file my_file-v1.tsv (TSV, C-alpha atoms and all ligand atoms)
chain	number	residue	atom	x	y	z
A	35	MET	CA	-7.74	26.33	5.88
A	36	ARG	CA	-4.93	27.73	3.77
A	37	ARG	CA	-5.58	31.08	2.12
A	38	GLN	CA	-4.98	31.00	-1.59
A	39	LEU	CA	-2.24	33.22	-2.98
A	40	ILE	CA	-2.38	34.51	-6.51
A	41	ALA	CA	0.90	36.15	-7.43
A	42	GLY	CA	1.55	37.93	-10.69
A	43	ASN	CA	5.14	37.89	-11.95
A	44	TRP	CA	5.68	40.66	-14.45
A	45	LYS	CA	9.29	39.60	-15.06
A	46	MET	CA	11.12	42.29	-17.10
A	47	HIS	CA	7.97	43.91	-18.45
A	48	LYS	CA	6.23	47.28	-18.10
A	49	ASN	CA	7.60	50.77	-17.50
A	50	SER	CA	6.38	53.45	-15.16
A	51	GLU	CA	3.52	54.49	-17.44
A	52	THR	CA	2.23	51.00	-18.16
A	53	ALA	CA	2.71	49.79	-14.57
A	54	ARG	CA	0.68	52.71	-13.22
A	55	GLY	CA	-1.90	52.21	-15.94
A	56	PHE	CA	-2.27	48.57	-14.92
A	57	ALA	CA	-2.55	49.46	-11.23
A	58	LYS	CA	-5.19	52.11	-11.86
A	59	GLU	CA	-7.35	49.78	-13.90
A	60	PHE	CA	-6.78	46.81	-11.63
A	61	ILE	CA	-7.72	48.70	-8.46
A	62	LYS	CA	-11.01	49.65	-10.13
A	63	LEU	CA	-11.76	46.05	-11.08
A	64	TYR	CA	-10.49	44.29	-7.97
A	65	ASP	CA	-12.93	43.36	-5.27
A	66	PHE	CA	-11.35	42.04	-2.08
A	67	THR	CA	-12.24	38.51	-1.12
A	68	PRO	CA	-11.17	37.10	2.21
A	69	GLU	CA	-10.07	33.73	0.83
A	70	VAL	CA	-7.40	35.04	-1.52
A	71	ASP	CA	-4.18	37.04	-1.14
A	72	VAL	CA	-3.10	38.87	-4.27
A	73	CYS	CA	0.35	40.25	-4.99
A	74	ILE	CA	2.19	41.57	-7.99
A	75	ALA	CA	5.91	41.04	-8.48
A	76	ALA	CA	6.95	44.09	-10.43
A	77	PRO	CA	10.41	45.20	-11.56
A	78	PHE	CA	12.28	47.00	-8.76
A	79	THR	CA	11.81	50.37	-10.47
A	80	GLU	CA	8.01	50.09	-10.23
A	81	LEU	CA	7.68	48.69	-6.70
A	82	LEU	CA	7.48	51.98	-4.84
A	83	ALA	CA	4.84	53.34	-7.21
A	84	LEU	CA	2.75	50.18	-6.80
A	85	GLU	CA	3.17	50.27	-3.02
A	86	GLU	CA	1.80	53.79	-2.99
A	87	MET	CA	-1.07	53.02	-5.33
A	88	PHE	CA	-2.02	49.86	-3.39
A	89	ARG	CA	-1.85	51.57	0.01
A	90	ASP	CA	-5.61	51.77	0.60
A	91	THR	CA	-6.33	48.41	-0.98
A	92	ASP	CA	-5.69	44.80	0.04
A	93	LEU	CA	-3.33	44.32	-2.87
A	94	LEU	CA	0.21	43.38	-2.01
A	95	THR	CA	3.56	43.80	-3.71
A	96	ALA	CA	6.40	41.40	-4.36
A	97	ALA	CA	9.96	41.67	-5.58
A	98	GLN	CA	11.26	39.21	-8.16
A	99	ASN	CA	14.61	38.68	-6.46
A	100	MET	CA	16.88	40.07	-3.71
A	101	HIS	CA	20.40	39.62	-2.39
A	102	PHE	CA	21.11	37.58	0.75
A	103	GLU	CA	23.25	40.25	2.44
A	104	ASP	CA	21.81	43.38	4.07
A	105	GLN	CA	24.28	45.70	2.35
A	106	GLY	CA	27.73	45.76	0.84
A	107	ALA	CA	29.76	45.96	-2.32
A	108	PHE	CA	27.36	44.02	-4.56
A	109	THR	CA	26.94	46.24	-7.60
A	110	GLY	CA	23.51	45.95	-9.14
A	111	GLU	CA	21.87	44.12	-6.26
A	112	ILE	CA	18.92	45.01	-4.02
A	113	SER	CA	18.71	43.89	-0.38
A	114	ALA	CA	15.89	42.72	1.86
A	115	PRO	CA	16.04	45.84	4.10
A	116	MET	CA	15.71	48.01	0.99
A	117	LEU	CA	12.58	46.11	0.03
A	118	ALA	CA	11.25	46.12	3.59
A	119	GLU	CA	11.72	49.87	3.83
A	120	ILE	CA	9.27	50.52	1.03
A	121	GLY	CA	6.81	47.96	2.37
A	122	VAL	CA	7.26	45.04	-0.02
A	123	ASP	CA	5.34	42.01	1.25
A	124	TYR	CA	6.64	39.06	-0.77
A	125	VAL	CA	9.75	38.14	-2.72
A	126	ILE	CA	10.11	35.48	-5.40
A	127	ILE	CA	13.23	33.45	-4.70
A	128	GLY	CA	14.99	30.94	-6.93
A	129	HIS	CA	12.86	31.39	-10.04
A	130	SER	CA	14.06	28.97	-12.72
A	131	GLU	CA	15.03	31.92	-14.92
A	132	ARG	CA	17.36	33.13	-12.16
A	133	ARG	CA	18.75	29.65	-11.66
A	134	ALA	CA	19.31	29.18	-15.40
A	135	TYR	CA	20.51	32.63	-16.50
A	136	PHE	CA	22.05	34.03	-13.32
A	137	ALA	CA	23.58	30.89	-11.87
A	138	GLU	CA	21.53	30.88	-8.65
A	139	THR	CA	22.26	27.83	-6.59
A	140	ASP	CA	20.25	26.02	-3.94
A	141	GLU	CA	22.64	27.46	-1.32
A	142	MET	CA	21.94	31.02	-2.48
A	143	VAL	CA	18.22	30.31	-2.47
A	144	ASN	CA	18.46	29.08	1.12
A	145	LYS	CA	20.37	32.18	2.24
A	146	LYS	CA	17.85	34.45	0.52
A	147	VAL	CA	14.88	32.67	2.11
A	148	LYS	CA	16.41	33.11	5.57
A	149	LYS	CA	17.19	36.76	4.91
A	150	ALA	CA	13.70	37.50	3.59
A	151	PHE	CA	12.13	36.13	6.77
A	152	GLN	CA	14.53	38.20	8.88
A	153	TRP	CA	12.98	41.28	7.30
A	154	ASN	CA	9.41	40.04	7.46
A	155	ILE	CA	9.13	39.52	3.73
A	156	THR	CA	7.39	36.30	2.77
A	157	PRO	CA	9.39	34.23	0.29
A	158	ILE	CA	7.74	32.56	-2.67
A	159	ILE	CA	10.28	29.81	-3.24
A	160	CYS	CA	10.37	28.41	-6.76
A	161	CYS	CA	11.18	24.86	-7.70
A	162	GLY	CA	10.65	22.76	-10.80
A	163	GLU	CA	12.30	20.37	-13.21
A	164	THR	CA	13.39	20.86	-16.81
A	165	LEU	CA	11.91	18.83	-19.65
A	166	ALA	CA	15.10	16.75	-19.90
A	167	GLN	CA	14.86	15.92	-16.21
A	168	ARG	CA	11.20	14.92	-16.53
A	169	ASP	CA	11.98	12.79	-19.58
A	170	GLN	CA	14.51	10.94	-17.45
A	171	GLY	CA	11.97	10.45	-14.67
A	172	LEU	CA	13.95	12.68	-12.31
A	173	GLU	CA	11.25	15.28	-11.58
A	174	THR	CA	10.34	14.26	-8.04
A	175	HIS	CA	13.98	13.80	-7.08
A	176	ILE	CA	14.88	17.28	-8.40
A	177	VAL	CA	11.94	19.07	-6.82
A	178	ARG	CA	12.33	17.35	-3.45
A	179	HIS	CA	16.01	18.28	-3.39
A	180	GLN	CA	15.31	21.92	-4.27
A	181	VAL	CA	12.66	22.21	-1.56
A	182	VAL	CA	14.72	20.55	1.16
A	183	MET	CA	17.73	22.73	0.34
A	184	ALA	CA	15.68	25.94	0.20
A	185	LEU	CA	14.21	25.31	3.65
A	186	ALA	CA	17.32	23.87	5.32
A	187	GLY	CA	17.92	25.23	8.80
A	188	LEU	CA	14.66	27.18	8.96
A	189	PRO	CA	12.48	26.80	12.05
A	190	ASP	CA	9.18	25.06	11.37
A	191	GLU	CA	7.19	28.19	12.37
A	192	LEU	CA	8.76	30.08	9.47
A	193	VAL	CA	8.37	27.22	7.01
A	194	ALA	CA	4.66	27.31	7.82
A	195	LYS	CA	4.52	30.90	6.56
A	196	ALA	CA	6.41	30.33	3.31
A	197	ALA	CA	4.96	29.84	-0.13
A	198	ILE	CA	6.47	27.29	-2.50
A	199	ALA	CA	5.76	27.59	-6.21
A	200	TYR	CA	6.06	24.50	-8.35
A	201	GLU	CA	6.94	25.75	-11.81
A	202	PRO	CA	7.96	23.02	-14.24
A	203	VAL	CA	10.44	24.74	-16.53
A	204	TRP	CA	8.88	23.16	-19.60
A	205	ALA	CA	5.56	24.87	-18.85
A	206	ILE	CA	6.88	28.40	-18.38
A	207	GLY	CA	6.00	30.77	-21.19
A	208	THR	CA	5.46	27.84	-23.54
A	209	GLY	CA	1.69	27.59	-23.45
A	210	ARG	CA	2.27	23.96	-22.46
A	211	VAL	CA	0.58	23.78	-19.08
A	212	ALA	CA	1.05	20.84	-16.73
A	213	THR	CA	-2.16	18.86	-16.37
A	214	PRO	CA	-4.02	19.62	-13.14
A	215	GLN	CA	-3.17	16.09	-12.02
A	216	GLN	CA	0.56	16.54	-12.73
A	217	ALA	CA	0.50	19.80	-10.78
A	218	GLU	CA	-1.44	18.20	-7.93
A	219	ASP	CA	0.87	15.18	-7.80
A	220	MET	CA	3.94	17.35	-7.46
A	221	SER	CA	2.26	19.56	-4.88
A	222	LYS	CA	1.65	16.44	-2.81
A	223	VAL	CA	5.31	15.43	-3.21
A	224	ILE	CA	6.29	18.89	-1.96
A	225	ARG	CA	3.90	18.79	1.00
A	226	ASP	CA	5.10	15.32	1.92
A	227	VAL	CA	8.75	16.31	1.92
A	228	VAL	CA	7.99	19.43	3.96
A	229	ARG	CA	6.25	17.14	6.47
A	230	VAL	CA	9.30	14.86	6.73
A	231	TYR	CA	11.63	17.76	7.56
A	232	HIS	CA	9.30	20.32	9.15
A	233	GLY	CA	6.36	18.38	10.56
A	234	ASP	CA	3.02	20.13	10.77
A	235	ALA	CA	4.32	23.17	8.91
A	236	ALA	CA	3.31	21.09	5.88
A	237	ASP	CA	-0.35	21.78	6.67
A	238	SER	CA	0.17	25.55	6.55
A	239	VAL	CA	2.78	26.08	3.84
A	240	ARG	CA	1.15	27.32	0.65
A	241	ILE	CA	1.98	25.49	-2.54
A	242	LEU	CA	1.38	27.35	-5.79
A	243	TYR	CA	1.48	26.17	-9.36
A	244	GLY	CA	3.12	28.26	-12.08
A	245	GLY	CA	3.58	27.73	-15.80
A	246	SER	CA	1.19	29.00	-18.49
A	247	VAL	CA	-1.66	29.66	-16.04
A	248	LYS	CA	-4.42	31.45	-17.97
A	249	PRO	CA	-8.03	32.40	-17.28
A	250	GLU	CA	-9.09	29.32	-19.28
A	251	ASN	CA	-7.15	26.75	-17.25
A	252	ALA	CA	-6.89	28.39	-13.83
A	253	LYS	CA	-10.00	26.94	-12.22
A	254	GLU	CA	-9.24	23.27	-12.76
A	255	ILE	CA	-5.70	23.78	-11.44
A	256	LEU	CA	-6.77	25.86	-8.44
A	257	ASP	CA	-9.52	23.39	-7.54
A	258	MET	CA	-6.89	20.76	-6.76
A	259	GLU	CA	-6.64	19.91	-3.08
A	260	ASP	CA	-2.95	20.55	-2.54
A	261	ILE	CA	-2.68	23.60	-4.78
A	262	ASP	CA	-3.08	26.83	-2.83
A	263	GLY	CA	-2.62	29.39	-5.54
A	264	ALA	CA	-0.80	30.34	-8.70
A	265	LEU	CA	2.31	32.17	-9.82
A	266	VAL	CA	1.24	33.80	-13.05
A	267	GLY	CA	3.62	35.21	-15.67
A	268	GLY	CA	2.23	36.34	-19.01
A	269	ALA	CA	-1.43	36.46	-17.97
A	270	SER	CA	-0.64	38.83	-15.08
A	271	LEU	CA	0.33	41.58	-17.50
A	272	ASP	CA	-3.31	42.17	-18.38
A	273	PRO	CA	-5.57	43.34	-15.54
A	274	VAL	CA	-8.67	41.60	-16.89
A	275	ASP	CA	-6.93	38.24	-17.39
A	276	PHE	CA	-5.26	38.47	-13.98
A	277	LEU	CA	-8.58	39.27	-12.34
A	278	LYS	CA	-10.21	36.24	-13.97
A	279	ILE	CA	-7.52	34.02	-12.47
A	280	ILE	CA	-8.19	35.51	-9.03
A	281	GLN	CA	-11.89	34.88	-9.49
A	282	ALA	CA	-11.11	31.28	-10.39
A	283	ALA	CA	-9.41	30.96	-7.01
A	284	GLU	CA	-12.39	32.41	-5.17
A	285	ASN	CA	-14.95	29.89	-6.25
A	301	LIG	P1	4.01	32.06	-17.59
A	301	LIG	O1	2.73	32.16	-16.82
A	301	LIG	O2	4.20	33.19	-18.56
A	301	LIG	O3	4.20	30.71	-18.19
A	301	LIG	O4	5.20	32.25	-16.53
A	301	LIG	C1	5.21	31.47	-15.39
A	301	LIG	C2	6.24	31.99	-14.47
A	301	LIG	O5	7.43	31.83	-14.70
A	301	LIG	C3	5.79	32.73	-13.29
A	301	LIG	O6	6.83	32.94	-12.40
call {"tool": "encode", "arguments": {"input": "my_file-v1.tsv", "output": "structure tokens", "more": "lines below"}}
Ligand code: 13P
result
Amino acid sequence: MRRQLIAGNWKMHKNSETARGFAKEFIKLYDFTPEVDVCIAAPFTELLALEEMFRDTDLLTAAQNMHFEDQGAFTGEISAPMLAEIGVDYVIIGHSERRAYFAETDEMVNKKVKKAFQWNITPIICCGETLAQRDQGLETHIVRHQVVMALAGLPDELVAKAAIAYEPVWAIGTGRVATPQQAEDMSKVIRDVVRVYHGDAADSVRILYGGSVKPENAKEILDMEDIDGALVGGASLDPVDFLKIIQAAEN
């Protein structure tokens, strides 16, 4: 049985006051359930505060990005050992916004995934096609390629521990959610390609869906057989909405 993972991605939102306010309220509301892992990907400046506030809870933290080198002359970057030092559990890698606005390539994604594992940080690897690519019928080709490249050279034991988030670019922040069947179909494509290259790791790797997940649509998406969780943007900014999505995963 794969444990569900519900990950909130705050993107470039919240400051120290609002992040702490969220954490305080969320800790009060949150009731641990053994079937679901919950993490919040906060801006770097809020990660230490969240780590400290989550210390006596089962809530986990995530970074939204990291560099693939341990240290060096990379102005503005944050490394895996820096994240590991403060106890960060997960890191989002290759989000479509990073690929589109910060020129992240499949090769960089692959290096980052390897580096995250080296420091015991679980990568949440993002993949997904643009609307133009879907309109041309290229979506499975694109997603397969992204997944194979991201996992290239990784031992199967590590692939088994990774999370892969399918986030169709056209569904991010648009309110236009993929249908549960579209999300399920692509999750199957992802699991199948993982099986081709990494064998039984395909049974353990967690595949999340992301793109306009809300309390109203979460349950029918999360009920799908090959979907093991959600990567939630906008709706993770509100503790009550985020909690409802977690509850949808529990049932
Ligand atoms: P929204 O849930 O706001 O569409 O964002 C999805 C996303 O990009 C999560 O990483």
call {"tool": "closest_residue", "arguments": {"input": "my_file-v1.tsv", "among": "A:Asp262, A:Glu138, A:Asp169, A:Glu250", "to": "A:Ala199", "atoms": "all atoms listed in the file"}}
result
A:Asp262
call {"tool": "closest_residue", "arguments": {"input": "my_file-v1.tsv", "among": "A:Leu188, A:Leu271, A:Ala137, A:Val247", "to": "A:Ala283", "atoms": "only C-alpha atoms"}}
result
A:Val247
call {"tool": "closest_atom_pairs", "arguments": {"input": "my_file-v1.tsv", "of": "chain A", "to": "ligand LIG 301 (chain A)", "cutoff": "10 Å", "atoms": "only C-alpha atoms and all ligand atoms", "output": "CSV"}}
result
residue,atom,partner,partner_atom,distance
A:Ala41,CA,A:LIG301,C3,8.4
A:Gly42,CA,A:LIG301,C3,7.2
A:Asn43,CA,A:LIG301,O6,5.2
A:Trp44,CA,A:LIG301,C3,8.0
A:Lys45,CA,A:LIG301,O6,7.6
A:Ala75,CA,A:LIG301,O6,9.0
A:Gln98,CA,A:LIG301,O6,8.8
A:Ile126,CA,A:LIG301,O6,8.1
A:His129,CA,A:LIG301,O6,6.7
A:Ser130,CA,A:LIG301,O5,7.5
A:Glu131,CA,A:LIG301,O5,7.6
A:Ile158,CA,A:LIG301,O6,9.8
A:Cys160,CA,A:LIG301,O6,8.1
A:Ala199,CA,A:LIG301,O6,8.3
A:Tyr200,CA,A:LIG301,O6,9.4
A:Glu201,CA,A:LIG301,O5,6.7
A:Pro202,CA,A:LIG301,O5,8.8
A:Val203,CA,A:LIG301,O5,7.9
A:Trp204,CA,A:LIG301,O3,9.0
A:Ala205,CA,A:LIG301,O3,6.0
A:Ile206,CA,A:LIG301,O3,3.5
A:Gly207,CA,A:LIG301,O3,3.5
A:Thr208,CA,A:LIG301,O3,6.2
A:Gly209,CA,A:LIG301,O3,6.6
A:Arg210,CA,A:LIG301,O3,8.2
A:Val211,CA,A:LIG301,O3,7.9
A:Tyr243,CA,A:LIG301,C3,8.8
A:Gly244,CA,A:LIG301,C1,5.1
A:Gly245,CA,A:LIG301,O3,3.9
A:Ser246,CA,A:LIG301,O3,3.5
A:Val247,CA,A:LIG301,O1,5.1
A:Lys248,CA,A:LIG301,O1,7.3
A:Ala264,CA,A:LIG301,C3,8.4
A:Leu265,CA,A:LIG301,C3,4.9
A:Val266,CA,A:LIG301,O1,4.4
A:Gly267,CA,A:LIG301,O1,3.4
A:Gly268,CA,A:LIG301,O2,3.7
A:Ala269,CA,A:LIG301,O1,6.1
A:Ser270,CA,A:LIG301,O1,7.7
A:Leu271,CA,A:LIG301,O2,9.3
call {"tool": "residues_around", "arguments": {"input": "my_file-v1.tsv", "residues": "A:Glu80", "least_positions_apart": "5", "cutoff": "10 Å", "atoms": "only C-alpha atoms", "output": "list in words"}}
result
Lys48, Asn49, Ser50, Glu51, Thr52, Ala53, Arg54, Ala75, Glu85 and Ala97 of chain A
call {"tool": "atom_distance", "arguments": {"input": "my_file-v1.tsv", "atom1": "atom CA of A:Asp92", "atom2": "atom CA of A:Gly263"}}
result
16.7 Å
call {"tool": "closest_residue", "arguments": {"input": "my_file-v1.tsv", "among": "A:Lys148, A:Leu63, A:Leu84, A:Gly128", "to": "A:Glu103", "atoms": "all atoms listed in the file"}}
result
A:Lys148
call {"tool": "residues_around", "arguments": {"input": "my_file-v1.tsv", "residues": "A:Glu111", "least_positions_apart": "3", "cutoff": "8 Å", "atoms": "only C-alpha atoms", "output": "list in words"}}
result
Met100, His101 and Phe108 of chain A
call {"tool": "axis_aligned_box", "arguments": {"input": "my_file-v1.tsv", "around": "stretch 173-188 of chain A", "padding_each_side": "5 Å", "output": "JSON"}}
result
{"center_x": 14.1, "center_y": 20.5, "center_z": -1.3, "size_x": 17.6, "size_y": 23.4, "size_z": 30.5}
call {"tool": "closest_residue", "arguments": {"input": "my_file-v1.tsv", "among": "A:Leu165, A:Met87, A:Ala134, A:Val182", "to": "A:Glu59", "atoms": "all atoms listed in the file"}}
result
A:Met87
call {"tool": "residues_around", "arguments": {"input": "my_file-v1.tsv", "residues": "A:Val72", "least_positions_apart": "2", "cutoff": "12 Å", "atoms": "all atoms listed in the file", "output": "ChimeraX atom specification"}}
result
/A:37-43,60-61,64-70,74-75,88,91-96,123-124,263-266,270,276-277,279-281,283-284
call {"tool": "atom_distance", "arguments": {"input": "my_file-v1.tsv", "atom1": "atom CA of A:Ala76", "atom2": "atom CA of A:Gln180"}}
result
24.5 Å
call {"tool": "closest_residue", "arguments": {"input": "my_file-v1.tsv", "among": "A:Arg240, A:Lys253, A:Arg133, A:His175", "to": "A:Arg225", "atoms": "only C-alpha atoms"}}
result
A:Arg240
call {"tool": "closest_residue", "arguments": {"input": "my_file-v1.tsv", "among": "A:Leu242, A:Leu192, A:Leu185, A:Leu256", "to": "A:Pro214", "atoms": "all atoms listed in the file"}}
result
A:Leu256
call {"tool": "residues_around", "arguments": {"input": "my_file-v1.tsv", "residues": "A:Ala118", "least_positions_apart": "2", "cutoff": "9 Å", "atoms": "all atoms listed in the file", "output": "PyMOL selection string"}}
result
chain A and resi 113-116+120-123+150+153-155
call {"tool": "write_last_selection", "arguments": {"input": "my_file-v1.tsv", "atoms": "C-alpha atoms", "output": "PDB file, in the coordinates of the input"}}
result
ATOM      1  CA  SER A 113      18.710  43.890  -0.380  1.00  0.00           C
ATOM      2  CA  ALA A 114      15.890  42.720   1.860  1.00  0.00           C
ATOM      3  CA  PRO A 115      16.040  45.840   4.100  1.00  0.00           C
ATOM      4  CA  MET A 116      15.710  48.010   0.990  1.00  0.00           C
ATOM      5  CA  ILE A 120       9.270  50.520   1.030  1.00  0.00           C
ATOM      6  CA  GLY A 121       6.810  47.960   2.370  1.00  0.00           C
ATOM      7  CA  VAL A 122       7.260  45.040  -0.020  1.00  0.00           C
ATOM      8  CA  ASP A 123       5.340  42.010   1.250  1.00  0.00           C
ATOM      9  CA  ALA A 150      13.700  37.500   3.590  1.00  0.00           C
ATOM     10  CA  TRP A 153      12.980  41.280   7.300  1.00  0.00           C
ATOM     11  CA  ASN A 154       9.410  40.040   7.460  1.00  0.00           C
ATOM     12  CA  ILE A 155       9.130  39.520   3.730  1.00  0.00           C
TER      13      ILE A 155
END
call {"tool": "atom_distance", "arguments": {"input": "my_file-v1.tsv", "atom1": "atom CA of A:Val181", "atom2": "atom CA of A:Asn99"}}
result
17.3 Å
